[in-house]
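Colleague: My structure is in protein-v1.cif, and what it holds is mmCIF, C-alpha atoms, pLDDT in the B column; chains and numbers go by the auth columns:
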data_start
loop_
_atom_site.group_PDB
_atom_site.id
_atom_site.type_symbol
_atom_site.label_atom_id
_atom_site.label_comp_id
_atom_site.label_asym_id
_atom_site.label_seq_id
_atom_site.Cartn_x
_atom_site.Cartn_y
_atom_site.Cartn_z
_atom_site.B_iso_or_equiv
_atom_site.auth_seq_id
_atom_site.auth_asym_id
ATOM 1 C CA VAL A 1 0.000 0.000 0.000 80.00 16 A
ATOM 2 C CA MET A 2 0.969 3.622 -0.467 87.00 17 A
ATOM 3 C CA LYS A 3 -0.025 6.827 1.287 86.00 18 A
ATOM 4 C CA GLY A 4 -2.583 8.993 -0.461 90.00 19 A
ATOM 5 C CA ILE A 5 -0.360 12.057 -0.652 90.00 20 A
ATOM 6 C CA VAL A 6 1.518 10.385 -3.502 92.00 21 A
ATOM 7 C CA PHE A 7 -1.766 9.830 -5.357 94.00 22 A
ATOM 8 C CA THR A 8 -3.150 13.315 -4.769 95.00 23 A
ATOM 9 C CA GLU A 9 0.128 14.896 -5.827 95.00 24 A
ATOM 10 C CA PHE A 10 0.236 12.741 -8.962 96.00 25 A
ATOM 11 C CA MET A 11 -3.306 13.899 -9.820 95.00 26 A
ATOM 12 C CA ASP A 12 -2.224 17.523 -9.316 95.00 27 A
ATOM 13 C CA HIS A 13 0.886 16.924 -11.433 95.00 28 A
ATOM 14 C CA VAL A 14 -1.131 15.467 -14.324 96.00 29 A
ATOM 15 C CA GLN A 15 -3.789 18.173 -14.136 96.00 30 A
ATOM 16 C CA ALA A 16 -1.231 20.997 -13.993 95.00 31 A
ATOM 17 C CA GLY A 17 0.496 19.732 -17.103 94.00 32 A
ATOM 18 C CA HIS A 18 -2.457 18.500 -19.148 96.00 33 A
ATOM 19 C CA GLY A 19 -5.678 19.888 -17.710 97.00 34 A
ATOM 20 C CA TYR A 20 -8.642 18.501 -15.839 96.00 35 A
ATOM 21 C CA GLN A 21 -10.266 16.734 -18.801 97.00 36 A
ATOM 22 C CA PHE A 22 -7.060 14.837 -19.544 97.00 37 A
ATOM 23 C CA LEU A 23 -6.755 13.825 -15.881 96.00 38 A
ATOM 24 C CA ASP A 24 -10.358 12.635 -15.919 95.00 39 A
ATOM 25 C CA ASP A 25 -9.643 10.597 -19.058 96.00 40 A
ATOM 26 C CA VAL A 26 -6.638 8.973 -17.376 96.00 41 A
ATOM 27 C CA ILE A 27 -8.698 8.064 -14.316 95.00 42 A
ATOM 28 C CA GLU A 28 -11.630 6.739 -16.349 94.00 43 A
ATOM 29 C CA SER A 29 -9.316 4.703 -18.600 95.00 44 A
ATOM 30 C CA SER A 30 -7.619 3.023 -15.657 92.00 45 A
ATOM 31 C CA ASP A 31 -8.828 0.006 -13.711 86.00 46 A
ATOM 32 C CA ALA A 32 -8.293 1.868 -10.422 84.00 47 A
ATOM 33 C CA GLU A 33 -11.036 0.926 -7.965 85.00 48 A
ATOM 34 C CA THR A 34 -11.160 4.343 -6.338 87.00 49 A
ATOM 35 C CA LYS A 35 -11.585 6.145 -9.697 84.00 50 A
ATOM 36 C CA GLY A 36 -9.582 9.121 -8.451 87.00 51 A
ATOM 37 C CA GLY A 37 -11.223 9.458 -5.044 90.00 52 A
ATOM 38 C CA TYR A 38 -7.971 9.805 -3.119 94.00 53 A
ATOM 39 C CA THR A 39 -7.248 11.733 0.058 92.00 54 A
ATOM 40 C CA SER A 40 -3.753 12.669 1.141 88.00 55 A
ATOM 41 C CA VAL A 41 -4.085 10.740 4.413 86.00 56 A
ATOM 42 C CA GLY A 42 -5.689 7.634 2.912 88.00 57 A
ATOM 43 C CA THR A 43 -3.915 4.418 2.028 88.00 58 A
ATOM 44 C CA TYR A 44 -4.253 2.836 -1.423 91.00 59 A
ATOM 45 C CA PRO A 45 -2.798 -0.078 -3.362 90.00 60 A
ATOM 46 C CA CYS A 46 0.434 0.796 -5.152 90.00 61 A
ATOM 47 C CA SER A 47 -0.986 -1.093 -8.140 90.00 62 A
ATOM 48 C CA GLU A 48 -3.458 1.774 -8.640 92.00 63 A
ATOM 49 C CA LEU A 49 -0.636 4.282 -9.011 93.00 64 A
ATOM 50 C CA VAL A 50 1.053 1.947 -11.481 92.00 65 A
ATOM 51 C CA GLN A 51 -2.202 1.734 -13.484 94.00 66 A
ATOM 52 C CA LEU A 52 -2.597 5.510 -13.548 95.00 67 A
ATOM 53 C CA ILE A 53 1.008 6.015 -14.639 96.00 68 A
ATOM 54 C CA SER A 54 0.645 3.341 -17.337 96.00 69 A
ATOM 55 C CA VAL A 55 -2.480 5.009 -18.740 97.00 70 A
ATOM 56 C CA PHE A 56 -0.781 8.414 -18.567 97.00 71 A
ATOM 57 C CA SER A 57 2.159 6.948 -20.473 97.00 72 A
ATOM 58 C CA SER A 58 -0.017 5.435 -23.185 97.00 73 A
ATOM 59 C CA LYS A 59 -1.959 8.691 -23.629 97.00 74 A
ATOM 60 C CA THR A 60 1.113 10.942 -23.793 96.00 75 A
ATOM 61 C CA GLY A 61 3.688 8.669 -25.398 97.00 76 A
ATOM 62 C CA LEU A 62 6.106 9.431 -22.557 96.00 77 A
ATOM 63 C CA ASP A 63 7.991 6.488 -21.133 97.00 78 A
ATOM 64 C CA ILE A 64 7.304 5.538 -17.528 97.00 79 A
ATOM 65 C CA PRO A 65 10.784 6.385 -16.160 97.00 80 A
ATOM 66 C CA GLU A 66 10.494 9.882 -17.677 97.00 81 A
ATOM 67 C CA ILE A 67 7.053 10.341 -16.080 97.00 82 A
ATOM 68 C CA LEU A 68 8.301 9.201 -12.675 97.00 83 A
ATOM 69 C CA ILE A 69 11.371 11.459 -12.799 97.00 84 A
ATOM 70 C CA GLY A 70 9.227 14.473 -13.695 96.00 85 A
ATOM 71 C CA PHE A 71 6.733 13.627 -10.979 97.00 86 A
ATOM 72 C CA GLY A 72 9.526 13.168 -8.436 97.00 87 A
ATOM 73 C CA LYS A 73 10.932 16.606 -9.261 97.00 88 A
ATOM 74 C CA GLN A 74 7.507 18.151 -8.733 95.00 89 A
ATOM 75 C CA LEU A 75 7.016 16.197 -5.519 95.00 90 A
ATOM 76 C CA ALA A 76 10.254 17.698 -4.175 96.00 91 A
ATOM 77 C CA VAL A 77 8.828 21.204 -4.723 95.00 92 A
ATOM 78 C CA THR A 78 5.637 20.190 -2.895 93.00 93 A
ATOM 79 C CA PHE A 79 7.549 18.643 0.000 92.00 94 A
ATOM 80 C CA LYS A 80 9.640 21.791 0.459 95.00 95 A
ATOM 81 C CA ARG A 81 6.492 23.934 0.387 94.00 96 A
ATOM 82 C CA ASP A 82 4.523 21.724 2.793 91.00 97 A
ATOM 83 C CA PHE A 83 7.359 20.604 5.078 91.00 98 A
ATOM 84 C CA PRO A 84 9.887 23.475 5.068 94.00 99 A
ATOM 85 C CA SER A 85 11.468 22.550 8.408 92.00 100 A
ATOM 86 C CA TYR A 86 13.156 19.544 6.818 91.00 101 A
ATOM 87 C CA PHE A 87 14.980 21.871 4.429 92.00 102 A
ATOM 88 C CA GLU A 88 16.239 24.354 7.025 90.00 103 A
ATOM 89 C CA GLU A 89 19.792 24.623 8.318 83.00 104 A
ATOM 90 C CA ILE A 90 21.153 21.653 6.419 88.00 105 A
ATOM 91 C CA ASP A 91 22.716 21.141 3.029 94.00 106 A
ATOM 92 C CA TYR A 92 21.591 18.808 0.255 96.00 107 A
ATOM 93 C CA PHE A 93 23.709 15.819 1.287 97.00 108 A
ATOM 94 C CA ASP A 94 22.563 16.192 4.911 95.00 109 A
ATOM 95 C CA PHE A 95 18.966 16.263 3.680 95.00 110 A
ATOM 96 C CA VAL A 96 19.349 13.075 1.628 96.00 111 A
ATOM 97 C CA GLU A 97 20.938 11.317 4.580 94.00 112 A
ATOM 98 C CA CYS A 98 18.185 12.428 6.965 92.00 113 A
ATOM 99 C CA VAL A 99 15.395 10.924 4.842 93.00 114 A
ATOM 100 C CA GLU A 100 15.852 7.572 6.568 89.00 115 A
ATOM 101 C CA SER A 101 16.795 8.764 10.051 90.00 116 A
ATOM 102 C CA ARG A 102 14.428 11.716 10.437 90.00 117 A
ATOM 103 C CA ILE A 103 11.791 12.107 7.737 90.00 118 A
ATOM 104 C CA HIS A 104 10.730 8.465 7.512 90.00 119 A
ATOM 105 C CA VAL A 105 10.755 8.208 11.312 91.00 120 A
ATOM 106 C CA ASP A 106 8.332 11.153 11.462 89.00 121 A
ATOM 107 C CA VAL A 107 6.151 9.650 8.723 86.00 122 A
ATOM 108 C CA LEU A 108 5.911 6.371 10.637 86.00 123 A
ATOM 109 C CA LYS A 109 4.862 8.209 13.795 89.00 124 A
ATOM 110 C CA LEU A 110 1.896 9.650 11.898 84.00 125 A
ATOM 111 C CA TYR A 111 1.222 6.631 9.668 81.00 126 A
ATOM 112 C CA PRO A 112 2.463 3.408 11.304 83.00 127 A
ATOM 113 C CA ASP A 113 1.127 1.388 8.356 79.00 128 A
ATOM 114 C CA ALA A 114 3.221 3.290 5.779 79.00 129 A
ATOM 115 C CA GLU A 115 5.448 1.067 3.635 83.00 130 A
ATOM 116 C CA LEU A 116 8.490 3.236 3.055 89.00 131 A
ATOM 117 C CA PRO A 117 11.614 2.561 1.037 92.00 132 A
ATOM 118 C CA ARG A 118 14.913 2.385 2.893 94.00 133 A
ATOM 119 C CA PHE A 119 17.957 4.512 2.192 95.00 134 A
ATOM 120 C CA GLU A 120 21.423 3.428 3.317 96.00 135 A
ATOM 121 C CA THR A 121 24.432 5.705 3.076 97.00 136 A
ATOM 122 C CA ILE A 122 27.353 3.830 1.557 97.00 137 A
ATOM 123 C CA GLU A 123 29.884 6.628 1.153 98.00 138 A
ATOM 124 C CA ARG A 124 30.045 10.348 1.740 97.00 139 A
ATOM 125 C CA THR A 125 32.683 12.949 0.978 97.00 140 A
ATOM 126 C CA SER A 126 32.308 16.684 0.465 96.00 141 A
ATOM 127 C CA GLU A 127 31.663 16.118 -3.252 98.00 142 A
ATOM 128 C CA LYS A 128 30.099 12.650 -3.430 98.00 143 A
ATOM 129 C CA LEU A 129 27.241 10.803 -1.757 98.00 144 A
ATOM 130 C CA VAL A 130 26.491 7.152 -2.486 98.00 145 A
ATOM 131 C CA ILE A 131 23.225 5.727 -1.199 98.00 146 A
ATOM 132 C CA ASP A 132 21.351 2.486 -1.654 97.00 147 A
ATOM 133 C CA TYR A 133 17.596 2.601 -2.246 97.00 148 A
ATOM 134 C CA ILE A 134 15.779 -0.527 -1.119 96.00 149 A
ATOM 135 C CA SER A 135 12.096 -0.925 -1.897 93.00 150 A
ATOM 136 C CA SER A 136 9.641 -3.655 -2.790 88.00 151 A
ATOM 137 C CA ARG A 137 8.264 -1.281 -5.438 88.00 152 A
ATOM 138 C CA ALA A 138 9.982 -0.509 -8.721 87.00 153 A
ATOM 139 C CA LEU A 139 9.811 3.254 -8.192 93.00 154 A
ATOM 140 C CA GLU A 140 13.504 4.066 -8.376 96.00 155 A
ATOM 141 C CA HIS A 141 12.851 6.659 -11.085 97.00 156 A
ATOM 142 C CA LEU A 142 10.496 8.459 -8.697 96.00 157 A
ATOM 143 C CA ALA A 143 13.326 8.419 -6.137 97.00 158 A
ATOM 144 C CA LEU A 144 15.699 9.726 -8.830 98.00 159 A
ATOM 145 C CA GLY A 145 13.283 12.572 -9.583 98.00 160 A
ATOM 146 C CA LEU A 146 13.023 13.374 -5.877 97.00 161 A
ATOM 147 C CA LEU A 147 16.823 13.415 -5.593 98.00 162 A
ATOM 148 C CA LYS A 148 17.119 15.734 -8.599 98.00 163 A
ATOM 149 C CA GLY A 149 14.249 17.927 -7.420 97.00 164 A
ATOM 150 C CA THR A 150 15.572 18.332 -3.892 97.00 165 A
ATOM 151 C CA ALA A 151 19.012 19.186 -5.273 97.00 166 A
ATOM 152 C CA ALA A 152 17.364 21.985 -7.259 97.00 167 A
ATOM 153 C CA GLU A 153 15.481 23.129 -4.140 96.00 168 A
ATOM 154 C CA PHE A 154 18.834 23.417 -2.358 96.00 169 A
ATOM 155 C CA GLY A 155 20.331 25.275 -5.338 96.00 170 A
ATOM 156 C CA GLU A 156 22.786 22.429 -5.980 96.00 171 A
ATOM 157 C CA SER A 157 24.013 21.214 -9.342 97.00 172 A
ATOM 158 C CA VAL A 158 24.514 17.458 -9.210 98.00 173 A
ATOM 159 C CA SER A 159 24.959 14.527 -11.517 98.00 174 A
ATOM 160 C CA ILE A 160 23.306 11.302 -10.420 98.00 175 A
ATOM 161 C CA GLU A 161 24.209 7.844 -11.645 98.00 176 A
ATOM 162 C CA MET A 162 21.897 4.936 -10.947 98.00 177 A
ATOM 163 C CA ASP A 163 22.900 1.272 -10.915 97.00 178 A
ATOM 164 C CA THR A 164 20.972 -1.866 -9.974 96.00 179 A
ATOM 165 C CA TYR A 165 22.387 -4.867 -8.150 96.00 180 A
ATOM 166 C CA THR A 166 21.161 -7.724 -5.984 94.00 181 A
ATOM 167 C CA ARG A 167 22.260 -8.471 -2.418 91.00 182 A
ATOM 168 C CA GLU A 168 20.995 -11.621 -0.707 92.00 183 A
ATOM 169 C CA GLY A 169 18.180 -11.867 -3.251 92.00 184 A
ATOM 170 C CA ILE A 170 17.057 -8.256 -2.711 93.00 185 A
ATOM 171 C CA ARG A 171 17.012 -5.780 -5.594 95.00 186 A
ATOM 172 C CA ILE A 172 18.901 -2.612 -4.651 97.00 187 A
ATOM 173 C CA ILE A 173 19.341 0.636 -6.539 98.00 188 A
ATOM 174 C CA ARG A 174 22.585 2.486 -5.897 98.00 189 A
ATOM 175 C CA PHE A 175 22.604 6.233 -6.480 98.00 190 A
ATOM 176 C CA GLU A 176 25.949 7.984 -6.827 98.00 191 A
ATOM 177 C CA ILE A 177 25.446 11.715 -6.458 98.00 192 A
ATOM 178 C CA LEU A 178 28.270 14.060 -7.442 98.00 193 A
ATOM 179 C CA ARG A 179 28.352 17.807 -6.929 97.00 194 A
ATOM 180 C CA VAL A 180 29.243 19.540 -10.192 95.00 195 A
#
Turn the structure described in the file into structure tokens.

Modeller:
Amino acid sequence: VMKGIVFTEFMDHVQAGHGYQFLDDVIESSDAETKGGYTSVGTYPCSELVQLISVFSSKTGLDIPEILIGFGKQLAVTFKRDFPSYFEEIDYFDFVECVESRIHVDVLKLYPDAELPRFETIERTSEKLVIDYISSRALEHLALGLLKGTAAEFGESVSIEMDTYTREGIRIIRFEILRV
């Protein structure tokens, strides 16, 4: 399951870029049980988001990774607007590292049933941060968009490489973030 804020923000993202009628067409063309009736505090099957993104992709011709990256960038703007305290008095690398230790801890206090990805810091220098993204969902391009979007919110120029590997049967995405 996934928290409703991701769904409501995706709806806003689609509507902002393509209009209400297009959004309605995407919802009506999907097999989503809720038919767009999401609330930010609700909990919904991740499969519904996948359906909505798939329909959006087929209607626009955009590939799914491109959609997820764009959505992740927009989500970063929303998160900074709605949760500014997480962005204060730290730099970009500190922010990325605090997702697991601070932000996700706070999310779980409010929503104990939230199924959150894990982020593990592998290496950090002043110019490079390497993190592993571990999730049962294949939403690494959303994470990539969030990483790019939050870098922009911090006024940082970064390059981000993404690689996939398996550890003990678990699929892991490694992000190498370099300041440029």

Colleague: Run the PyMOL selection byres ((chain A and resi 160) around 8) against the file shown and list the residues it catches, as JSON, numbers by chain.

Modeller: {"A": [83, 84, 85, 86, 87, 88, 156, 157, 158, 159, 161, 162, 163, 164]}

Colleague: Please produce an output containing C-alpha atoms for each residue in the selection, written as a short mmCIF file (atom, residue, chain, number, x, y, z; two decimals), in the frame of the given file.

Modeller:
data_model
loop_
_atom_site.label_atom_id
_atom_site.label_comp_id
_atom_site.auth_asym_id
_atom_site.auth_seq_id
_atom_site.Cartn_x
_atom_site.Cartn_y
_atom_site.Cartn_z
CA LEU A 83 8.30 9.20 -12.68
CA ILE A 84 11.37 11.46 -12.80
CA GLY A 85 9.23 14.47 -13.70
CA PHE A 86 6.73 13.63 -10.98
CA GLY A 87 9.53 13.17 -8.44
CA LYS A 88 10.93 16.61 -9.26
CA HIS A 156 12.85 6.66 -11.08
CA LEU A 157 10.50 8.46 -8.70
CA ALA A 158 13.33 8.42 -6.14
CA LEU A 159 15.70 9.73 -8.83
CA LEU A 161 13.02 13.37 -5.88
CA LEU A 162 16.82 13.42 -5.59
CA LYS A 163 17.12 15.73 -8.60
CA GLY A 164 14.25 17.93 -7.42
#

Colleague: Taking all atoms listed in the file into account, name the residue in A:Phe134, A:Tyr107, A:Ile118, A:Ile188 that is nearest to Val173 in chain A.

Modeller: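 So, comparing all the options, the nearest one is A:Tyr107.
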
Colleague: Between A:Ile185, A:Leu64, A:Met177, A:Ala91, which is the closest to Ile79 in chain A once you count all atoms listed in the file?

Modeller: A:Leu64

Colleague: To one decimal place, how far is CA of Ile42 in chain A from CA of Thr75 in chain A in Å?

Modeller: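 Atom-to-atom, CA of Ile42 in chain A and CA of Thr75 in chain A are spaced 13.9 Å apart.
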
Colleague: Grab all the atoms of range 100-107 of chain A that the file lists, wrap them in a box along x, y and z, add 8 Å per side, and give me centre plus edge lengths in Å (one decimal) as lines of an AutoDock Vina configuration file.

Modeller:
center_x = 17.1
center_y = 21.7
center_z = 4.3
size_x = 27.2
size_y = 21.8
size_z = 24.2

Colleague: Applying the PyMOL selection byres ((chain A and resi 74) around 12) to the file I just gave you, which residues come out? Please list them as an MDAnalysis selection string.

Modeller: chainID A and resid 29 33 37:38 40:42 44:45 67:73 75:79 82

Colleague: Rank nothing, just name the residue among A:Met17, A:Leu193, A:Ile175, A:Ala31 nearest to Tyr53 in chain A, using only C-alpha atoms.

Modeller: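 Using only C-alpha atoms, the shortest distance to Tyr53 in chain A belongs to A:Met17.
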
Colleague: Which residues fall under the PyMOL selection byres ((chain A and resi 143) around 12) in this file, as a PyMOL selection string?

Modeller: chain A and resi 107-109+111+136-142+144-146+173-176+190-195

Colleague: What gap, in Å, lies between CA of Ser62 in chain A and CA of Ser151 in chain A?

Modeller: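 CA of Ser151 in chain A lies at a distance of 12.2 Å from CA of Ser62 in chain A.
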
Colleague: For Pro60 in chain A, which residue among A:Cys113, A:Ala47, A:Ala166, A:Ile105 is the nearest when counting only C-alpha atoms?

Modeller: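 Of all the options, A:Ala47 lies closest to Pro60 in chain A.
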
Colleague: Counting only C-alpha atoms, which residue out of A:Phe110, A:Gly170, A:Asp178, A:Val16 sits closest to Pro132 in chain A?

Modeller: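 Checking each candidate against Pro132 in chain A, we get A:Val16 as the closest.
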
Colleague: From the block I gave, I'd like range 26-119 of chain A written with C-alpha atoms, as a PDB file, in the first residue's frame.

Modeller:
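For reference, result-v3.pdb as written:
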ATOM      1  CA  MET A  26      -3.306  13.899  -9.820  1.00  0.00           C
ATOM      2  CA  ASP A  27      -2.224  17.523  -9.316  1.00  0.00           C
ATOM      3  CA  HIS A  28       0.886  16.924 -11.433  1.00  0.00           C
ATOM      4  CA  VAL A  29      -1.131  15.467 -14.324  1.00  0.00           C
ATOM      5  CA  GLN A  30      -3.789  18.173 -14.136  1.00  0.00           C
ATOM      6  CA  ALA A  31      -1.231  20.997 -13.993  1.00  0.00           C
ATOM      7  CA  GLY A  32       0.496  19.732 -17.103  1.00  0.00           C
ATOM      8  CA  HIS A  33      -2.457  18.500 -19.148  1.00  0.00           C
ATOM      9  CA  GLY A  34      -5.678  19.888 -17.710  1.00  0.00           C
ATOM     10  CA  TYR A  35      -8.642  18.501 -15.839  1.00  0.00           C
ATOM     11  CA  GLN A  36     -10.266  16.734 -18.801  1.00  0.00           C
ATOM     12  CA  PHE A  37      -7.060  14.837 -19.544  1.00  0.00           C
ATOM     13  CA  LEU A  38      -6.755  13.825 -15.881  1.00  0.00           C
ATOM     14  CA  ASP A  39     -10.358  12.635 -15.919  1.00  0.00           C
ATOM     15  CA  ASP A  40      -9.643  10.597 -19.058  1.00  0.00           C
ATOM     16  CA  VAL A  41      -6.638   8.973 -17.376  1.00  0.00           C
ATOM     17  CA  ILE A  42      -8.698   8.064 -14.316  1.00  0.00           C
ATOM     18  CA  GLU A  43     -11.630   6.739 -16.349  1.00  0.00           C
ATOM     19  CA  SER A  44      -9.316   4.703 -18.600  1.00  0.00           C
ATOM     20  CA  SER A  45      -7.619   3.023 -15.657  1.00  0.00           C
ATOM     21  CA  ASP A  46      -8.828   0.006 -13.711  1.00  0.00           C
ATOM     22  CA  ALA A  47      -8.293   1.868 -10.422  1.00  0.00           C
ATOM     23  CA  GLU A  48     -11.036   0.926  -7.965  1.00  0.00           C
ATOM     24  CA  THR A  49     -11.160   4.343  -6.338  1.00  0.00           C
ATOM     25  CA  LYS A  50     -11.585   6.145  -9.697  1.00  0.00           C
ATOM     26  CA  GLY A  51      -9.582   9.121  -8.451  1.00  0.00           C
ATOM     27  CA  GLY A  52     -11.223   9.458  -5.044  1.00  0.00           C
ATOM     28  CA  TYR A  53      -7.971   9.805  -3.119  1.00  0.00           C
ATOM     29  CA  THR A  54      -7.248  11.733   0.058  1.00  0.00           C
ATOM     30  CA  SER A  55      -3.753  12.669   1.141  1.00  0.00           C
ATOM     31  CA  VAL A  56      -4.085  10.740   4.413  1.00  0.00           C
ATOM     32  CA  GLY A  57      -5.689   7.634   2.912  1.00  0.00           C
ATOM     33  CA  THR A  58      -3.915   4.418   2.028  1.00  0.00           C
ATOM     34  CA  TYR A  59      -4.253   2.836  -1.423  1.00  0.00           C
ATOM     35  CA  PRO A  60      -2.798  -0.078  -3.362  1.00  0.00           C
ATOM     36  CA  CYS A  61       0.434   0.796  -5.152  1.00  0.00           C
ATOM     37  CA  SER A  62      -0.986  -1.093  -8.140  1.00  0.00           C
ATOM     38  CA  GLU A  63      -3.458   1.774  -8.640  1.00  0.00           C
ATOM     39  CA  LEU A  64      -0.636   4.282  -9.011  1.00  0.00           C
ATOM     40  CA  VAL A  65       1.053   1.947 -11.481  1.00  0.00           C
ATOM     41  CA  GLN A  66      -2.202   1.734 -13.484  1.00  0.00           C
ATOM     42  CA  LEU A  67      -2.597   5.510 -13.548  1.00  0.00           C
ATOM     43  CA  ILE A  68       1.008   6.015 -14.639  1.00  0.00           C
ATOM     44  CA  SER A  69       0.645   3.341 -17.337  1.00  0.00           C
ATOM     45  CA  VAL A  70      -2.480   5.009 -18.740  1.00  0.00           C
ATOM     46  CA  PHE A  71      -0.781   8.414 -18.567  1.00  0.00           C
ATOM     47  CA  SER A  72       2.159   6.948 -20.473  1.00  0.00           C
ATOM     48  CA  SER A  73      -0.017   5.435 -23.185  1.00  0.00           C
ATOM     49  CA  LYS A  74      -1.959   8.691 -23.629  1.00  0.00           C
ATOM     50  CA  THR A  75       1.113  10.942 -23.793  1.00  0.00           C
ATOM     51  CA  GLY A  76       3.688   8.669 -25.398  1.00  0.00           C
ATOM     52  CA  LEU A  77       6.106   9.431 -22.557  1.00  0.00           C
ATOM     53  CA  ASP A  78       7.991   6.488 -21.133  1.00  0.00           C
ATOM     54  CA  ILE A  79       7.304   5.538 -17.528  1.00  0.00           C
ATOM     55  CA  PRO A  80      10.784   6.385 -16.160  1.00  0.00           C
ATOM     56  CA  GLU A  81      10.494   9.882 -17.677  1.00  0.00           C
ATOM     57  CA  ILE A  82       7.053  10.341 -16.080  1.00  0.00           C
ATOM     58  CA  LEU A  83       8.301   9.201 -12.675  1.00  0.00           C
ATOM     59  CA  ILE A  84      11.371  11.459 -12.799  1.00  0.00           C
ATOM     60  CA  GLY A  85       9.227  14.473 -13.695  1.00  0.00           C
ATOM     61  CA  PHE A  86       6.733  13.627 -10.979  1.00  0.00           C
ATOM     62  CA  GLY A  87       9.526  13.168  -8.436  1.00  0.00           C
ATOM     63  CA  LYS A  88      10.932  16.606  -9.261  1.00  0.00           C
ATOM     64  CA  GLN A  89       7.507  18.151  -8.733  1.00  0.00           C
ATOM     65  CA  LEU A  90       7.016  16.197  -5.519  1.00  0.00           C
ATOM     66  CA  ALA A  91      10.254  17.698  -4.175  1.00  0.00           C
ATOM     67  CA  VAL A  92       8.828  21.204  -4.723  1.00  0.00           C
ATOM     68  CA  THR A  93       5.637  20.190  -2.895  1.00  0.00           C
ATOM     69  CA  PHE A  94       7.549  18.643   0.000  1.00  0.00           C
ATOM     70  CA  LYS A  95       9.640  21.791   0.459  1.00  0.00           C
ATOM     71  CA  ARG A  96       6.492  23.934   0.387  1.00  0.00           C
ATOM     72  CA  ASP A  97       4.523  21.724   2.793  1.00  0.00           C
ATOM     73  CA  PHE A  98       7.359  20.604   5.078  1.00  0.00           C
ATOM     74  CA  PRO A  99       9.887  23.475   5.068  1.00  0.00           C
ATOM     75  CA  SER A 100      11.468  22.550   8.408  1.00  0.00           C
ATOM     76  CA  TYR A 101      13.156  19.544   6.818  1.00  0.00           C
ATOM     77  CA  PHE A 102      14.980  21.871   4.429  1.00  0.00           C
ATOM     78  CA  GLU A 103      16.239  24.354   7.025  1.00  0.00           C
ATOM     79  CA  GLU A 104      19.792  24.623   8.318  1.00  0.00           C
ATOM     80  CA  ILE A 105      21.153  21.653   6.419  1.00  0.00           C
ATOM     81  CA  ASP A 106      22.716  21.141   3.029  1.00  0.00           C
ATOM     82  CA  TYR A 107      21.591  18.808   0.255  1.00  0.00           C
ATOM     83  CA  PHE A 108      23.709  15.819   1.287  1.00  0.00           C
ATOM     84  CA  ASP A 109      22.563  16.192   4.911  1.00  0.00           C
ATOM     85  CA  PHE A 110      18.966  16.263   3.680  1.00  0.00           C
ATOM     86  CA  VAL A 111      19.349  13.075   1.628  1.00  0.00           C
ATOM     87  CA  GLU A 112      20.938  11.317   4.580  1.00  0.00           C
ATOM     88  CA  CYS A 113      18.185  12.428   6.965  1.00  0.00           C
ATOM     89  CA  VAL A 114      15.395  10.924   4.842  1.00  0.00           C
ATOM     90  CA  GLU A 115      15.852   7.572   6.568  1.00  0.00           C
ATOM     91  CA  SER A 116      16.795   8.764  10.051  1.00  0.00           C
ATOM     92  CA  ARG A 117      14.428  11.716  10.437  1.00  0.00           C
ATOM     93  CA  ILE A 118      11.791  12.107   7.737  1.00  0.00           C
ATOM     94  CA  HIS A 119      10.730   8.465   7.512  1.00  0.00           C
TER      95      HIS A 119
END
